[in-house]
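> The structure's right below; bear with me while I get my questions together.
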Amino acid sequence: MELLTLLQILDSTVRLATPLLLACLAGLYSERAGIFDIGLEGKMLAAAFLSGAVAYTSGSAWIGLFAGLGASLVLSTVHGVASITYRGNQLISGVAINFLAAGLTVVVAQSWFGQGGRTPQLVGDARFEPITLPFAEALREVPVIGPIYYELVSGHTSLVYIALLLVPLTWMLLYRTRFGLRLRAVGENPASVDTAGISVIGLRYISVIICGLLCGLAGVYLATALQAGFVKDMSAGRGFIALAALIFAKWRPWHALYACLLFGFLQAMALRPDVLESSLGFKVNGQLLDALPYILTVVILAGFVGKAIPPRAGGEPYVKER
Amino acid sequence: MDILPKWAEIILVPLISLFLAALISALVILAIGENPIAALNIMVTGALGSTYGWGYTLYYATNFMFTGLAVAVAFHGRLFNIGGEGQATLGGLGVALVCLHIAWPHWSLALLGAAGGAALFGAAWAAIPAYLQAKRGSHIVITTIMFNFISAAVLNYLLIGAMKPIGSMEPATSKFPETTHLPTFQDMFSTADIVLFRGAPANVSFFVAAFACFAVWILIWHTRLGYEIRSFGHSESAAKYAGISPTKIIMVTMMISGALAGMMATNNVMGEAERLILGSVEGAGFIGIAVALMGRSHPFGVFVAAILFGFLYQGGAELALWTGIPRELIVVIQALVILFTGALDNMVRMPLEKLFLALRRTSKVEA
């Protein structure tokens, strides 16, 4: 394979991995605090729609970003109220949020823009434009390093760099701060956190809200950076792939990055069957590539390749006393 | 222990949840500038105002009965089967194989055979996540979600490959033979003078679904297995102590659940499309969750809730036809029903419990 083709594929790997990574980190905060979240998909979708719609109306991607975050936050608050305050079933709440987003986005998009459940094409400032990093143009002619820097490292939107920065940040927050310790403890043994005089409910709400913000970023990225506008069901199962990546990574930030890059790579390869065929020497079935993240997750979950043990208090509402 | 009287538990709580869901849906309709009352009128006349409308309502209800029962059976064993969608997809595969490869002399035998094929494939598809849950401890919700995606890929693979007739461009199997076509309500209930249910897809499998409701009721409350499933659902440790094998219960419950979801294919694949196409389940597997929650996991409740959702589905199609309200409004209503009856159950229940406690106290004081 030529270097340039490889770089193109790696470049689209990064693009496609970004929403997965953001959603995966979102899930990480929530699940580490003991709140299962299968509503990542719905929150992404809602954020994608509202950011696309507001960015189109206002002409500014940044205003769109805040609208998208808002949409996702509303849904994560619903999830928080249902699963923390009213101690409801977190899985059922997640399912409800997914459908709520799937339905509402189309209903509202149709009445807002009348284009069959999509927003008009975003142009100019309504989209996040790729950033050319310093010296990218100058270094372009340097062999090997030049093209790598120009094609792969430079030329992404700001959201991609933010997502990548969030990985070390999340690691720092979780493993090197008091807040992180508490957050992890509340997902393993909430009673001990409560005994120490720290509010379980407060911590869990904070984690659900962080989850909402990050999911929102993932959705905003879909509609205003990866593509130019919202289309019906545009999250296309990414929330679930992110969930798969989270399990694959065993709820750890750095591993989440690797898992998302792997799944992003699979998606990028699925887009380039020609390259795959020429480099492997045989034709790989497209459906197999589509299903591979899910199959891998099942294999991991089954414990055939290491065991994935979720946070112990995950999914259980905390009852202070009986 | 039981603060709420039984009637409040069974009727009042779901009704309040439904009312809340309807209220928010009405606000959504208002927000997009349509009239909710007019919308409700269109839905009622469209879905219930003619035998044609009823024919569609009951057709959808048949799908939801199967998937609702599937979720309900799993709920009794405290298992959350989100994989109805995938199991119904695989059920369709079973129906297609049975209908295309066996020469059936009569539709009734074909229906038995197809139901068996659908149940077998659905159960097999549910058995893998069940095994992984029972033996390897992988969370059944996650694995069944993954299996939904995998099932879509499997069907896609087969329909653009091995199962597509030669020369066809469409990702679908060829039409099933004439002898496997199920009688529709039009064939069954029309007389020489009056044609009822004209062109509607409701067919004989509705009665199969109704019978399945009855069979599940027998299973859950009148057999040893049903007792074991319920005890396992109430307390795994107590069930274990009583000599009930968790592995067996998880496997059997999930396979019954998968078989029920799979049998939906006798309605949508065999009864309506009469061939296997892509995406024929159309989300019915997920609606089963709403139906089971609404029906409080009781087969009779599932029966009623399935008809209610059949009405919503057909009514929603009519709305999309006559007003500017898109069909996805139904997805919103479905989400709200799941939210209120499932996740926010305590929000409805807590004030009610307080109310009933207060009532009881005052009546005691008077006595």
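Every chain in the structure tokens has a letter given in the order shown (A, B, ...), and although residue numbers restart at 1 in each chain, ligands are simply numbered from 1 in the order shown.
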For chain B against chain A, with a cut-off of 7 Å and counting only C-alpha atoms, what is the closest atom pair and its distance in Å to one decimal for every residue that makes the cut, ordered by chain and number, as CSV?


residue,atom,partner,partner_atom,distance
B:Ile32,CA,A:Ser111,CA,5.9
B:Leu132,CA,A:Ala302,CA,5.9
B:Arg136,CA,A:Ala302,CA,5.5
B:Ser138,CA,A:Leu301,CA,5.2
B:Thr143,CA,A:Val298,CA,6.0
B:Met146,CA,A:Tyr294,CA,5.2
B:Phe149,CA,A:Ala291,CA,6.8
B:Ile150,CA,A:Ala291,CA,5.4
B:Ala153,CA,A:Gln287,CA,5.2
B:Tyr157,CA,A:Gln287,CA,6.1
B:Ile325,CA,A:Val107,CA,7.0
B:Pro326,CA,A:Val107,CA,5.8
B:Glu328,CA,A:Gly103,CA,4.9
B:Leu329,CA,A:Gly103,CA,5.9
B:Val331,CA,A:Gly103,CA,4.9
B:Val332,CA,A:Gly103,CA,4.8
B:Ala335,CA,A:Ala96,CA,4.6
B:Leu336,CA,A:Ala96,CA,6.7
B:Ile338,CA,A:Ala96,CA,5.5
B:Leu339,CA,A:Ala96,CA,5.3
B:Gly342,CA,A:Ile92,CA,6.1
B:Ala343,CA,A:Gly88,CA,4.5
B:Leu344,CA,A:Ala82,CA,5.3
B:Asp345,CA,A:Gly88,CA,6.8
B:Asn346,CA,A:Tyr86,CA,5.7
B:Met347,CA,A:Tyr86,CA,6.2

> List the spatial neighbours of B:Leu15 as an MDAnalysis selection string - criterion: any atom at most 10 Å away, only C-alpha atoms, same-chain residues fewer than 6 positions off excluded.

chainID B and resid 8:9 21 294 341

> Residues of the last selection are to be written out with all heavy atoms, as a PDB file, in the first residue's frame.


ATOM      1  N   ALA B   8     -55.590  -0.397  41.489  1.00  0.00           N
ATOM      2  CA  ALA B   8     -54.800   0.812  41.216  1.00  0.00           C
ATOM      3  C   ALA B   8     -53.491   0.429  40.541  1.00  0.00           C
ATOM      4  O   ALA B   8     -53.039   1.062  39.594  1.00  0.00           O
ATOM      5  CB  ALA B   8     -54.535   1.561  42.508  1.00  0.00           C
ATOM      6  N   GLU B   9     -52.899  -0.659  41.049  1.00  0.00           N
ATOM      7  CA  GLU B   9     -51.638  -1.154  40.503  1.00  0.00           C
ATOM      8  C   GLU B   9     -51.780  -1.513  39.023  1.00  0.00           C
ATOM      9  O   GLU B   9     -50.957  -1.156  38.193  1.00  0.00           O
ATOM     10  CB  GLU B   9     -51.226  -2.394  41.318  1.00  0.00           C
ATOM     11  CG  GLU B   9     -49.931  -3.028  40.910  1.00  0.00           C
ATOM     12  CD  GLU B   9     -48.734  -2.247  41.425  1.00  0.00           C
ATOM     13  OE1 GLU B   9     -48.821  -1.616  42.493  1.00  0.00           O
ATOM     14  OE2 GLU B   9     -47.735  -2.273  40.724  1.00  0.00           O
ATOM     15  N   ALA B  21     -47.921  10.575  29.041  1.00  0.00           N
ATOM     16  CA  ALA B  21     -47.298  10.453  27.717  1.00  0.00           C
ATOM     17  C   ALA B  21     -48.139  11.172  26.673  1.00  0.00           C
ATOM     18  O   ALA B  21     -47.606  11.886  25.816  1.00  0.00           O
ATOM     19  CB  ALA B  21     -47.134   8.979  27.352  1.00  0.00           C
ATOM     20  N   MET B 294     -46.208  -1.432  29.542  1.00  0.00           N
ATOM     21  CA  MET B 294     -47.577  -0.927  29.621  1.00  0.00           C
ATOM     22  C   MET B 294     -48.503  -2.026  30.136  1.00  0.00           C
ATOM     23  O   MET B 294     -49.377  -1.768  30.962  1.00  0.00           O
ATOM     24  CB  MET B 294     -47.984  -0.515  28.208  1.00  0.00           C
ATOM     25  CG  MET B 294     -49.322   0.110  28.088  1.00  0.00           C
ATOM     26  SD  MET B 294     -49.182   1.847  28.415  1.00  0.00           S
ATOM     27  CE  MET B 294     -50.778   2.122  29.131  1.00  0.00           C
ATOM     28  N   THR B 341     -43.882   4.531  31.983  1.00  0.00           N
ATOM     29  CA  THR B 341     -44.274   3.257  32.590  1.00  0.00           C
ATOM     30  C   THR B 341     -43.054   2.485  33.081  1.00  0.00           C
ATOM     31  O   THR B 341     -43.165   1.671  33.990  1.00  0.00           O
ATOM     32  CB  THR B 341     -45.039   2.364  31.604  1.00  0.00           C
ATOM     33  OG1 THR B 341     -44.252   2.215  30.440  1.00  0.00           O
ATOM     34  CG2 THR B 341     -46.384   2.930  31.266  1.00  0.00           C
TER      35      THR B 341
END

> Could you please determine the separation between atom CA of B:Gly86 and atom CA of B:Ile140 in Å, to one decimal place?

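Separation of atom CA of B:Gly86 and atom CA of B:Ile140: 13.5 Å.
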
> I'd like the contact shell of A:Glu31 - 12 Å cut-off, only C-alpha atoms, skipping same-chain residues fewer than 5 positions apart - returned as a ChimeraX atom specification.

/A:24-26,36-40,90-91,183-188,204-205,207-208,210-211,243,246-247,250-252,309-316

> Which distance in Å separates atom CA of B:Cys99 and atom CA of B:Ala306, to one decimal?

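A separation of 26.8 Å between them.
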
> Near B:Asn81, within 7 Å and counting only C-alpha atoms, which residues show up once chain neighbours fewer than 3 positions away are dropped, as a ChimeraX atom specification?

/B:71,74,84,141,144
